[in-house]
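Reviewing the structure listed below.
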Amino acid sequence: MRLELDSVGLRYGPVTALSDVTLTVATGTTAAVIGANGAGKSSLLRAIAGLEPLAAGRIVADGADLARLDTEARIRLGIALSPEGRRLFPEMSAADNLRAGAFTRRAGPAVRRDLDRVYTLFPRLAERRASLARNLSGGEQQMCAIGRAVMSEPQLLLLDEPSLGLAPKVVGDMARAIATIAASGVTVLLAEQNSRLALSLAQTGHVFEAGRLARSGPAAALLNDGDVLRAYLGEEVASPPAGPIPAVPLPL
Amino acid sequence: MFQQFLVIMALSAAIYMLLALGFTLIFGVMRVVNFAHGEFVMLGAYALYVVQDVLGVGYAAALPLAALVAGLVGVVCERLVFRRFVGDEIGSMIVALALAVTLKGAVTAVFGTDGPSIARPISGVVTLGGAVIPKDQLFAAAVALVLVALTHRLLVATRLGLAMRAVAQDAEAARLQGMRPWTTYPAAFAVGCALAGFAGALTAPIYGAAPDMGDAALMKAFVVVVLGGLGSIPGALIAALLLGALDAGISILFDPTLAALASFGAVIAVLLFRPSGILGRA
């Protein structure tokens, strides 16, 4: 699914969360949305999912303006959001959370195949499928949240901070899983504070600063840009690093 | 005497479960405290009277029809009133109290203050291991248990049930799965009110019907639900058994009027030690 944002603005009462955001994500690519806490990353994803009304501009998916579609209709169109804080159904088993993800689909072999895929992607989740979501570890919950989003068979997958609060080893597993999902042809918009991780998974990167799009460009170029690293990745750069630094080994 | 205790406990517990299930389902899904729940029990009883004794339909058909009437009135109330109070526990409580008075007044205006005489379609007793059980009470309890089991199936094994549980736990996350809270709410309300209607239609031939019969029904439902933890269905089932045991024990040993007193004593005692109820979360 091709996603276009045209001069998008978003406000929470008197507070401006996004202003004049224009960007395009090409079909089948992964785009990273990076920036500090409060830069507007979550607001952007929530606006695309229809959870926040726009103050200005428009959001277009595969040529269709989303303005008149509510969240439930956008899900049916093929958009899925794994939200900030995971937002699993705490009193349901992991398996029922995944079933909830497939709510808009007719039960059948295709859904069962996707369920198997999620369990292959996250073997740990398969072991824990009968546990209540609130009893899962942070990493397992994140796996379940991404799995739930994938179960709707999305064409555009919005991931909000999938690495937040996870142990480094689990972050690596998560990155491999996201790369696998992206390789299947899904368009992915990945919002992350872990900019290095997000840029290493993406083809393009968009840097947000106080609700504005500060820079856009190829992910590899942003990764090698000393200014970006200093200003947005929170890193001290003595000398420009040579070549992209992979955050995790990816099976690509 | 112990057999009699078990029988009274089981018979009351089954009806308490049915009374409490609809109340806790509506609260769990909508965060609406439906203090008019007892009036839906009363509506079920009066609908049974109209369908069975006025229109002359047999009990087997009149029973589900009466529940249907209560469920439909529930949907209308949800559309007109309760959907404006989703998530507003205090506001919903007040508007539900007003609705309770309104429904009670409407039924009194139509049928008068005295209860109608309702035919008893089932009579006789069975003797089971030394305990004497009236057949009509046995039937009511059995149907109540079947309805509890069916509601459980609805919640765990159907798409609608999945949506109800999801909306109850996180309405926004449910929308992100494509579930529509605004169609799930009336469905939950209809099921909850239909269960109340069943309770009224099952007990009306045994205990009769009256415009104020909802007060006692609400109190029983409320005691069970608060004991079990608001919104917790397993908690309500356990609490219904406890309340049934308490009722049976005190009725046999002392006096049935003391049983009501004891059930509220039990609520106070449980809440002192577990403020969120037996299975409730703080």
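Here, A, B, ... name the chains of the structure tokens in the order displayed, residue numbers run from 1 inside each chain, and ligands are numbered from 1 in the same displayed order.
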Kindly provide, as JSON, numbers by chain, the residues of chain B having any atom no farther than 12 Å from an atom of chain A, counting only C-alpha atoms.
{"B": [28, 155, 156, 157, 158, 159, 160, 161, 162, 163, 164, 165, 166, 167, 168, 169, 170, 171, 172, 173, 174, 175, 176, 177, 178, 179, 180, 181, 182, 183, 231, 232, 233, 280, 281]}
Enumerate the residues of range 3-224 of chain B with a DSSP assignment of strand (DSSP E or B), computed from the backbone, and present them as a count of residues only.
8
For Phe122 in chain A, the nearest of the candidates A:Gln155, A:Pro109, A:Thr180, A:Glu84, counting only C-alpha atoms:
A:Thr180
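Between Ile146 in chain A and the residues A:Ala130, A:Ala175, A:Ala32, A:Leu213, the shortest atom-to-atom distance, using only C-alpha atoms, involves A:Ala175.
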Atom pair CA of Ile122 in chain B + CA of Leu21 in chain B, distance 25.3 Å
Residue neighbourhood Ala221 in chain B, 10 Å, only C-alpha atoms, exclusion window fewer than 5 positions, as a PyMOL selection string:
chain B and resi 15-24+35+37-38+196+215-216+226-227+236+240
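Separating CA of Ala26 in chain A from CA of Val118 in chain A is a distance of 24.7 Å.
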Taking 5 positions as the minimum chain separation for residues in the same chain, which residues sit within 10 Å of Ile206 in chain B when counting only C-alpha atoms? Answer as an MDAnalysis selection string.
chainID B and resid 118:123 134 136:137 140 201
Can you list, as an mmCIF file with all heavy atoms, in the first residue's frame, every protein, DNA or RNA residue that comes within 8 Å of range 4-16 of chain A when you count only C-alpha atoms, leaving out same-chain residues fewer than 2 positions away?
data_model
loop_
_atom_site.group_PDB
_atom_site.id
_atom_site.type_symbol
_atom_site.label_atom_id
_atom_site.label_comp_id
_atom_site.auth_asym_id
_atom_site.auth_seq_id
_atom_site.Cartn_x
_atom_site.Cartn_y
_atom_site.Cartn_z
ATOM 1 N N ARG A 2 0.545 2.161 -0.887
ATOM 2 C CA ARG A 2 1.297 3.415 -0.977
ATOM 3 C C ARG A 2 0.631 4.449 -0.072
ATOM 4 O O ARG A 2 -0.578 4.634 -0.110
ATOM 5 C CB ARG A 2 1.293 3.903 -2.423
ATOM 6 C CG ARG A 2 2.005 5.224 -2.630
ATOM 7 C CD ARG A 2 1.875 5.635 -4.093
ATOM 8 N NE ARG A 2 2.344 6.996 -4.317
ATOM 9 C CZ ARG A 2 3.618 7.314 -4.520
ATOM 10 N NH1 ARG A 2 4.525 6.353 -4.522
ATOM 11 N NH2 ARG A 2 3.984 8.574 -4.702
ATOM 12 N N LEU A 18 1.354 17.946 15.357
ATOM 13 C CA LEU A 18 2.001 17.788 14.049
ATOM 14 C C LEU A 18 1.662 19.025 13.230
ATOM 15 O O LEU A 18 0.537 19.513 13.284
ATOM 16 C CB LEU A 18 1.463 16.564 13.309
ATOM 17 C CG LEU A 18 1.766 15.171 13.843
ATOM 18 C CD1 LEU A 18 0.968 14.135 13.054
ATOM 19 C CD2 LEU A 18 3.249 14.863 13.767
ATOM 20 N N SER A 19 2.640 19.523 12.478
ATOM 21 C CA SER A 19 2.268 20.594 11.559
ATOM 22 C C SER A 19 2.994 20.424 10.231
ATOM 23 O O SER A 19 4.190 20.144 10.185
ATOM 24 C CB SER A 19 2.516 21.969 12.174
ATOM 25 O OG SER A 19 3.847 22.091 12.563
ATOM 26 N N ASP A 20 2.208 20.543 9.185
ATOM 27 C CA ASP A 20 2.701 20.565 7.811
ATOM 28 C C ASP A 20 3.601 19.372 7.482
ATOM 29 O O ASP A 20 4.706 19.536 6.992
ATOM 30 C CB ASP A 20 3.450 21.885 7.562
ATOM 31 C CG ASP A 20 3.512 22.209 6.079
ATOM 32 O OD1 ASP A 20 2.627 21.745 5.334
ATOM 33 O OD2 ASP A 20 4.471 22.895 5.667
ATOM 34 N N VAL A 21 3.119 18.169 7.773
ATOM 35 C CA VAL A 21 3.907 16.966 7.496
ATOM 36 C C VAL A 21 3.541 16.440 6.110
ATOM 37 O O VAL A 21 2.388 16.108 5.849
ATOM 38 C CB VAL A 21 3.648 15.878 8.552
ATOM 39 C CG1 VAL A 21 4.376 14.595 8.173
ATOM 40 C CG2 VAL A 21 4.076 16.360 9.928
ATOM 41 N N THR A 22 4.509 16.404 5.233
ATOM 42 C CA THR A 22 4.303 15.857 3.891
ATOM 43 C C THR A 22 5.348 14.780 3.658
ATOM 44 O O THR A 22 6.554 15.049 3.762
ATOM 45 C CB THR A 22 4.446 16.967 2.822
ATOM 46 O OG1 THR A 22 3.440 17.947 3.061
ATOM 47 C CG2 THR A 22 4.278 16.389 1.428
ATOM 48 N N LEU A 23 4.882 13.567 3.421
ATOM 49 C CA LEU A 23 5.830 12.496 3.118
ATOM 50 C C LEU A 23 5.111 11.379 2.368
ATOM 51 O O LEU A 23 3.883 11.289 2.372
ATOM 52 C CB LEU A 23 6.501 11.970 4.392
ATOM 53 C CG LEU A 23 5.665 11.327 5.497
ATOM 54 C CD1 LEU A 23 5.388 9.859 5.207
ATOM 55 C CD2 LEU A 23 6.413 11.438 6.821
ATOM 56 N N THR A 24 5.899 10.531 1.725
ATOM 57 C CA THR A 24 5.348 9.422 0.956
ATOM 58 C C THR A 24 6.085 8.142 1.326
ATOM 59 O O THR A 24 7.301 8.168 1.514
ATOM 60 C CB THR A 24 5.511 9.688 -0.556
ATOM 61 O OG1 THR A 24 4.846 10.896 -0.876
ATOM 62 C CG2 THR A 24 4.930 8.557 -1.372
ATOM 63 N N VAL A 25 5.337 7.074 1.494
ATOM 64 C CA VAL A 25 5.963 5.765 1.692
ATOM 65 C C VAL A 25 5.545 4.892 0.510
ATOM 66 O O VAL A 25 4.350 4.654 0.301
ATOM 67 C CB VAL A 25 5.531 5.110 3.015
ATOM 68 C CG1 VAL A 25 6.292 3.815 3.234
ATOM 69 C CG2 VAL A 25 5.744 6.059 4.183
ATOM 70 N N SER A 43 1.673 10.406 17.393
ATOM 71 C CA SER A 43 0.550 11.172 16.843
ATOM 72 C C SER A 43 0.398 10.883 15.354
ATOM 73 O O SER A 43 -0.710 10.740 14.840
ATOM 74 C CB SER A 43 0.773 12.662 17.051
ATOM 75 O OG SER A 43 0.851 12.951 18.423
ATOM 76 N N ALA A 47 -2.864 9.190 13.766
ATOM 77 C CA ALA A 47 -3.629 9.917 12.757
ATOM 78 C C ALA A 47 -3.860 9.040 11.526
ATOM 79 O O ALA A 47 -4.956 9.016 10.959
ATOM 80 C CB ALA A 47 -2.903 11.203 12.368
ATOM 81 N N GLU A 52 -6.991 9.891 15.605
ATOM 82 C CA GLU A 52 -6.984 11.321 15.879
ATOM 83 C C GLU A 52 -7.472 12.060 14.637
ATOM 84 O O GLU A 52 -6.996 11.788 13.534
ATOM 85 C CB GLU A 52 -5.555 11.809 16.212
ATOM 86 C CG GLU A 52 -4.828 11.012 17.291
ATOM 87 C CD GLU A 52 -5.410 11.204 18.670
ATOM 88 O OE1 GLU A 52 -6.248 12.104 18.836
ATOM 89 O OE2 GLU A 52 -5.037 10.446 19.572
ATOM 90 N N PRO A 53 -8.408 12.997 14.789
ATOM 91 C CA PRO A 53 -8.854 13.767 13.624
ATOM 92 C C PRO A 53 -7.786 14.783 13.203
ATOM 93 O O PRO A 53 -7.079 15.323 14.043
ATOM 94 C CB PRO A 53 -10.119 14.479 14.135
ATOM 95 C CG PRO A 53 -9.936 14.556 15.609
ATOM 96 C CD PRO A 53 -9.109 13.370 16.024
ATOM 97 N N LEU A 54 -7.680 14.987 11.900
ATOM 98 C CA LEU A 54 -6.673 15.933 11.395
ATOM 99 C C LEU A 54 -7.162 17.369 11.569
ATOM 100 O O LEU A 54 -8.350 17.649 11.451
ATOM 101 C CB LEU A 54 -6.406 15.690 9.910
ATOM 102 C CG LEU A 54 -5.837 14.330 9.514
ATOM 103 C CD1 LEU A 54 -5.449 14.345 8.040
ATOM 104 C CD2 LEU A 54 -4.650 13.968 10.376
ATOM 105 N N ALA A 55 -6.204 18.263 11.861
ATOM 106 C CA ALA A 55 -6.540 19.689 11.887
ATOM 107 C C ALA A 55 -6.324 20.292 10.505
ATOM 108 O O ALA A 55 -6.925 21.304 10.163
ATOM 109 C CB ALA A 55 -5.681 20.404 12.926
ATOM 110 N N ALA A 56 -5.440 19.643 9.721
ATOM 111 C CA ALA A 56 -5.151 20.163 8.380
ATOM 112 C C ALA A 56 -4.578 19.044 7.529
ATOM 113 O O ALA A 56 -4.082 18.039 8.050
ATOM 114 C CB ALA A 56 -4.148 21.316 8.465
ATOM 115 N N GLY A 57 -4.671 19.222 6.205
ATOM 116 C CA GLY A 57 -4.031 18.290 5.286
ATOM 117 C C GLY A 57 -4.843 17.038 5.042
ATOM 118 O O GLY A 57 -5.999 16.922 5.489
ATOM 119 N N ARG A 58 -4.226 16.073 4.310
ATOM 120 C CA ARG A 58 -4.937 14.835 4.052
ATOM 121 C C ARG A 58 -3.999 13.649 4.020
ATOM 122 O O ARG A 58 -2.790 13.792 3.811
ATOM 123 C CB ARG A 58 -5.742 14.932 2.757
ATOM 124 C CG ARG A 58 -4.929 15.401 1.586
ATOM 125 C CD ARG A 58 -5.821 15.725 0.407
ATOM 126 N NE ARG A 58 -5.095 15.403 -0.825
ATOM 127 C CZ ARG A 58 -5.519 14.551 -1.737
ATOM 128 N NH1 ARG A 58 -6.662 13.923 -1.597
ATOM 129 N NH2 ARG A 58 -4.777 14.310 -2.807
ATOM 130 N N ILE A 59 -4.580 12.492 4.271
ATOM 131 C CA ILE A 59 -3.827 11.239 4.258
ATOM 132 C C ILE A 59 -4.442 10.376 3.162
ATOM 133 O O ILE A 59 -5.663 10.183 3.125
ATOM 134 C CB ILE A 59 -3.895 10.520 5.619
ATOM 135 C CG1 ILE A 59 -3.308 11.427 6.714
ATOM 136 C CG2 ILE A 59 -3.171 9.191 5.565
ATOM 137 C CD1 ILE A 59 -3.449 10.867 8.121
ATOM 138 N N VAL A 60 -3.599 9.873 2.265
ATOM 139 C CA VAL A 60 -4.081 9.136 1.100
ATOM 140 C C VAL A 60 -3.423 7.759 1.087
ATOM 141 O O VAL A 60 -2.214 7.645 1.240
ATOM 142 C CB VAL A 60 -3.748 9.911 -0.201
ATOM 143 C CG1 VAL A 60 -4.169 9.105 -1.422
ATOM 144 C CG2 VAL A 60 -4.409 11.280 -0.186
ATOM 145 N N ALA A 61 -4.227 6.710 0.948
ATOM 146 C CA ALA A 61 -3.701 5.351 0.860
ATOM 147 C C ALA A 61 -4.111 4.761 -0.487
ATOM 148 O O ALA A 61 -5.301 4.705 -0.784
ATOM 149 C CB ALA A 61 -4.243 4.489 1.996
ATOM 150 N N GLY A 211 7.059 18.052 16.208
ATOM 151 C CA GLY A 211 5.873 17.976 15.365
ATOM 152 C C GLY A 211 6.106 18.330 13.907
ATOM 153 O O GLY A 211 5.175 18.313 13.108
#
If we count only C-alpha atoms, what is near Gly205 in chain A at a cut-off of 7 Å, once residues fewer than 4 positions away on the same chain are taken out, given as an MDAnalysis selection string?
chainID A and resid 31:33 199 216:219
Residues near Met30 in chain B, cut-off 8 Å, only C-alpha atoms, skip fewer than 6 positions along chain, as a PyMOL selection string
chain B and resi 86-87+168+185
Students should find that CA of Arg79 in chain B and CA of Pro186 in chain B are spaced 7.1 Å
